[in-house]
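Input: a single structure, listed below in structure tokens.
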Amino acid sequence: MAKRTRGGTDTPPRHDPGYKGLFSHSTMVEGLLRGFVQEDWIERLDFSTLEKVGNSFVSDDLRERHSDVIWRLRLRGAKDRWVYLYLLLEFQSTSDPFMAVRLLTYVGLLLEEIIRKENLKPGDHLPAVLPVVLHNGKDRWRAPLRLETHFAPIPSPLKRYLPRLTYLLLDERRLDLDRPELGRNPAAALFRVESNESVEALPSLYQDLNHQLRPEDSALRRTVHAWFVSVAQRTFPGVIIPEGVNLKEAPMLEETLIKWRETIRKEARQEGQIQGLRRVLLQQMTLRFGRLPKEVRSRVEQITSTQELEKLTRKVLSAKSLAEMGLE
């Protein structure tokens with residue numbers, strides 16, 4: 001259940017901590033903007049000035065309402081002027097229909113805090129804010145990108161009084177991740193891992209992501225490793241990544257995943273065999289003893305040993321009652 005703020009408004013669900021950690025590194029933020037904000041003004045950004053806005057800059061009220069990452073960097077040609085990039089790293093599988101409304105609140109709180117922290121005076125300009133939403137769900141993002149579309153129809157003269165906000169949506173599974181210019185982009189490599197559905201492809205995708213990281217990005221490598229393990233285990237339940245494996249050990253990872261895949265297949269075959277034996281045993285018992293009590297059927301359904309089921313299947317031929325079967 002969502003936490004309630006002091007004002008009584010529900011806060012949104014917490015964002016994926018892995019994504020928050022990943023995009024707390026400037027390498028990933030730069031890759032995200034260069035690779036997926038395909039607008040001319042991106043070339044004017046001075047990425048060497050990327051600066052993460054710490055908690056000391058964000059008000060208590062803003063911290064209570066979201067748990068995302070805020071960056072700022074300079075825009076070339078604009079002396080002493082900052083462009084604030086508000087990155088809403090929503091790691092969710094479904095659309096939030098009122099995301100634009102939430103972002104309006106976040107951006108408003110951020111601007112209020114900038115006015116207070118920077119001690120802005122009449123005539124001073126506010127920085128630009130770019131709201132970005134990341135979505136990784138299999139279904140398309142259906143929520144409106146523009147706040148204006150949420151309002152009921154009104155006379156045209158009144159529309160100029162409505163608040164306006166448009167956010168940038170990056171719908172990961174709908175992005176063209178095979179564009180040649182993304183070959184060396186760490187954010188694109190990250191999204192390929194996230195959207196992958198083949199266990200066989202994981203090792204090579206993992207290795208590709210490693211190649212996109214600079215040697216000095218040791219902290220980011222650790223963050224990526226922890227995130228990758230969680231993605232692998234979430235996407236392929238039961239997979240085991242050896243403790244201590246690093247991004248350079250793709251062959252070990254591949255061997256581990258192959259062994260895991262074969263184990264799963266073996267277990268699936270065994271599970272199919274067990275289900276078949278249960279079905280045969282229940283049929284034979286019904287023919288011999290009539291309609292079976294619910295408790296007896298439940299006990300048979302709980303048997304997971306093929307040897308035990310085969311033993312009972314043989315025993316039903318000579319048993320004179322359910323009591324002799326040992327299932328009552």
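Each chain in the structure tokens gets a letter, A, B, ..., in the order shown, and its residues are numbered from 1; ligands are numbered from 1 in order too.
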Handout entry: Contact residues around Tyr84 in chain A with only C-alpha atoms at 8 Å, ignoring same-chain residues under 2 positions, as a list in words
Key =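 Everything that qualifies: Ile70, Trp71, Arg72, Leu73, Trp82, Tyr86, Pro127, Ala128, Val129 and Leu130 of chain A.
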Find the spatial neighbours of Leu22 in chain A, counting only C-alpha atoms, within a cut-off of 9 Å - ignore same-chain residues fewer than 3 positions away - and output them as a short mmCIF file (atom, residue, chain, number, x, y, z; two decimals) with C-alpha atoms, in the first residue's frame.
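What follows is the written file selection_27.cif:
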```cif
data_model
loop_
_atom_site.label_atom_id
_atom_site.label_comp_id
_atom_site.auth_asym_id
_atom_site.auth_seq_id
_atom_site.Cartn_x
_atom_site.Cartn_y
_atom_site.Cartn_z
CA PRO A 17 16.59 0.56 -6.65
CA GLY A 18 18.78 -1.00 -9.33
CA TYR A 19 17.83 1.62 -11.90
CA HIS A 25 26.43 7.37 -12.53
CA MET A 28 24.75 6.06 -17.85
CA VAL A 29 23.10 9.48 -17.84
CA LEU A 220 29.45 1.50 -11.94
CA THR A 223 26.31 -1.53 -9.60
CA VAL A 224 25.80 -3.16 -13.00
CA TRP A 227 21.56 -5.16 -11.18
#
```
Sorted by chain and rising residue number, which residues of range 124-150 of chain A lie within 7 Å of range 168-185 of chain A, and what are their closest atom pairs and distances in Å to one decimal, counting only C-alpha atoms, as a Markdown table?
```
| residue | atom | partner | partner_atom | distance |
| --- | --- | --- | --- | --- |
| A:Pro131 | CA | A:Leu168 | CA | 6.2 |
| A:Val132 | CA | A:Leu168 | CA | 4.7 |
| A:Val133 | CA | A:Leu169 | CA | 4.9 |
| A:Leu134 | CA | A:Leu170 | CA | 5.0 |
| A:His135 | CA | A:Asp171 | CA | 4.8 |
| A:Asn136 | CA | A:Glu172 | CA | 5.1 |
| A:Lys138 | CA | A:Arg173 | CA | 6.8 |
| A:Trp141 | CA | A:Asp171 | CA | 6.8 |
```
Export of prior selection with N, CA and C atoms as a PDB file, in the first residue's frame:
```
ATOM      1  N   PRO A 131      11.712  16.389 -17.777  1.00  0.00           N
ATOM      2  CA  PRO A 131      11.216  15.171 -17.126  1.00  0.00           C
ATOM      3  C   PRO A 131      11.334  13.984 -18.085  1.00  0.00           C
ATOM      4  N   VAL A 132      11.922  12.892 -17.607  1.00  0.00           N
ATOM      5  CA  VAL A 132      12.114  11.689 -18.422  1.00  0.00           C
ATOM      6  C   VAL A 132      11.519  10.494 -17.687  1.00  0.00           C
ATOM      7  N   VAL A 133      10.750   9.696 -18.397  1.00  0.00           N
ATOM      8  CA  VAL A 133      10.145   8.491 -17.826  1.00  0.00           C
ATOM      9  C   VAL A 133      10.691   7.274 -18.565  1.00  0.00           C
ATOM     10  N   LEU A 134      11.226   6.309 -17.815  1.00  0.00           N
ATOM     11  CA  LEU A 134      11.681   5.039 -18.384  1.00  0.00           C
ATOM     12  C   LEU A 134      10.629   3.975 -18.106  1.00  0.00           C
ATOM     13  N   HIS A 135      10.263   3.227 -19.140  1.00  0.00           N
ATOM     14  CA  HIS A 135       9.248   2.189 -18.986  1.00  0.00           C
ATOM     15  C   HIS A 135       9.748   0.908 -19.630  1.00  0.00           C
ATOM     16  N   ASN A 136       9.653  -0.220 -18.918  1.00  0.00           N
ATOM     17  CA  ASN A 136      10.186  -1.475 -19.460  1.00  0.00           C
ATOM     18  C   ASN A 136       9.119  -2.552 -19.610  1.00  0.00           C
ATOM     19  N   LYS A 138       6.100  -4.973 -21.009  1.00  0.00           N
ATOM     20  CA  LYS A 138       5.877  -5.634 -22.297  1.00  0.00           C
ATOM     21  C   LYS A 138       4.783  -4.944 -23.094  1.00  0.00           C
ATOM     22  N   TRP A 141       3.250   1.800 -23.384  1.00  0.00           N
ATOM     23  CA  TRP A 141       2.873   2.864 -22.456  1.00  0.00           C
ATOM     24  C   TRP A 141       1.656   3.578 -23.031  1.00  0.00           C
TER      25      TRP A 141
END
```
Exercise for the section: Identify all residues of range 80-194 of chain A in strand (DSSP E or B) (DSSP on the backbone) and supply them as a list in words. Expected result: Trp82, Val83, Tyr84, Leu85, Tyr86, Leu87, Leu88, Ala128, Val129, Leu130, Pro131, Val132, Val133, Leu134, His135, Arg146, Thr166, Leu168, Leu169, Leu170 and Asp171 of chain A
Dump as a PDB file, in the first residue's frame, selection limited to C-alpha atoms:
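Once written, result.pdb looks like this:
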```pdb
ATOM      1  CA  TRP A  82      22.243  25.485 -15.799  1.00  0.00           C
ATOM      2  CA  VAL A  83      19.822  23.069 -17.427  1.00  0.00           C
ATOM      3  CA  TYR A  84      18.246  20.795 -14.835  1.00  0.00           C
ATOM      4  CA  LEU A  85      17.487  17.273 -15.982  1.00  0.00           C
ATOM      5  CA  TYR A  86      14.812  15.596 -13.886  1.00  0.00           C
ATOM      6  CA  LEU A  87      15.065  11.878 -14.569  1.00  0.00           C
ATOM      7  CA  LEU A  88      12.063   9.894 -13.387  1.00  0.00           C
ATOM      8  CA  ALA A 128      14.858  24.381 -17.790  1.00  0.00           C
ATOM      9  CA  VAL A 129      13.663  21.027 -16.443  1.00  0.00           C
ATOM     10  CA  LEU A 130      13.494  17.889 -18.585  1.00  0.00           C
ATOM     11  CA  PRO A 131      11.216  15.171 -17.126  1.00  0.00           C
ATOM     12  CA  VAL A 132      12.114  11.689 -18.422  1.00  0.00           C
ATOM     13  CA  VAL A 133      10.145   8.491 -17.826  1.00  0.00           C
ATOM     14  CA  LEU A 134      11.681   5.039 -18.384  1.00  0.00           C
ATOM     15  CA  HIS A 135       9.248   2.189 -18.986  1.00  0.00           C
ATOM     16  CA  ARG A 146       0.994  15.974 -22.213  1.00  0.00           C
ATOM     17  CA  THR A 166       5.190  17.404 -21.547  1.00  0.00           C
ATOM     18  CA  LEU A 168       9.925  12.502 -22.556  1.00  0.00           C
ATOM     19  CA  LEU A 169       8.950   8.828 -22.609  1.00  0.00           C
ATOM     20  CA  LEU A 170      11.556   6.137 -23.229  1.00  0.00           C
ATOM     21  CA  ASP A 171       9.548   2.953 -23.733  1.00  0.00           C
TER      22      ASP A 171
END
```
Handout entry: Residue list (helix (DSSP H, G or I), DSSP) for range 102-172 of chain A, as a ChimeraX atom specification
Key = /A:102-117,147-150,156-159,172
Handout entry: Point-to-point distance from CA of Ala232 in chain A to CA of Ala189 in chain A, Å rounded to tenths
Key =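 CA of Ala232 in chain A sits 14.9 Å away from CA of Ala189 in chain A.
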Practice task
Pick out the residues sitting within 7 Å of range 321-328 of chain A, and hand them over as a list in words; count only C-alpha atoms, and ignore anything fewer than 2 positions along from it in its own chain.
Solution key: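 Near neighbours after the sequence-gap exclusion: Phe289, Val296, Arg299, Lys315, Val316 and Ala319 of chain A.
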Problem - Shell around Ser48 in chain A at 12 Å using only C-alpha atoms, local window under 4 positions removed, as a list in words - result: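 Once the nearby chain positions are removed, what remains is Ser26, Thr27, Val29, Glu30, Arg44, Arg72, Leu73, Arg74, Leu75 and Arg76 of chain A.
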Take the selection from the previous step and output its residues with C-alpha atoms, as a CSV table (one decimal), in the first residue's frame.
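The result, stored in result_3.csv:
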```csv
chain,number,residue,atom,x,y,z
A,26,SER,CA,27.2,10.1,-15.1
A,27,THR,CA,28.3,7.5,-17.7
A,29,VAL,CA,23.1,9.5,-17.8
A,30,GLU,CA,25.3,10.7,-20.7
A,44,ARG,CA,25.1,21.9,-26.9
A,72,ARG,CA,22.1,19.2,-13.9
A,73,LEU,CA,24.7,20.3,-16.5
A,74,ARG,CA,25.6,23.4,-18.5
A,75,LEU,CA,24.3,24.4,-21.9
A,76,ARG,CA,27.1,25.7,-24.1
```
Exercise for the section: Please provide as JSON, numbers by chain all residues within 10 Å of Leu162 in chain A, with the sequence filter that same-chain residues fewer than 5 positions apart are discarded (counting only C-alpha atoms). Expected result: {"A": [147, 148, 151]}
Those same residues - N, CA and C atoms - I'd like them written as a CSV table (one decimal), in the first residue's frame.
```
chain,number,residue,atom,x,y,z
A,147,LEU,N,0.2,17.0,-20.2
A,147,LEU,CA,-0.7,17.3,-19.1
A,147,LEU,C,-2.0,17.8,-19.6
A,148,GLU,N,-2.0,18.6,-20.7
A,148,GLU,CA,-3.2,19.3,-21.2
A,148,GLU,C,-4.3,18.3,-21.5
A,151,PHE,N,-7.4,17.4,-19.0
A,151,PHE,CA,-8.4,18.3,-18.7
A,151,PHE,C,-9.7,18.1,-19.5
```
Exercise for the section: Could you check how far CA of Arg297 in chain A sits from CA of Gly276 in chain A, in Å to one decimal? Expected result: 14.3 Å
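Put simply, CA of Val69 in chain A is 14.1 Å away from CA of Leu33 in chain A.
With only C-alpha atoms as the atoms that count, the minimum distance from Gly21 in chain A to the choices A:Leu45, A:Thr304, A:Ala219, A:Ala100 is reached by A:Ala219.
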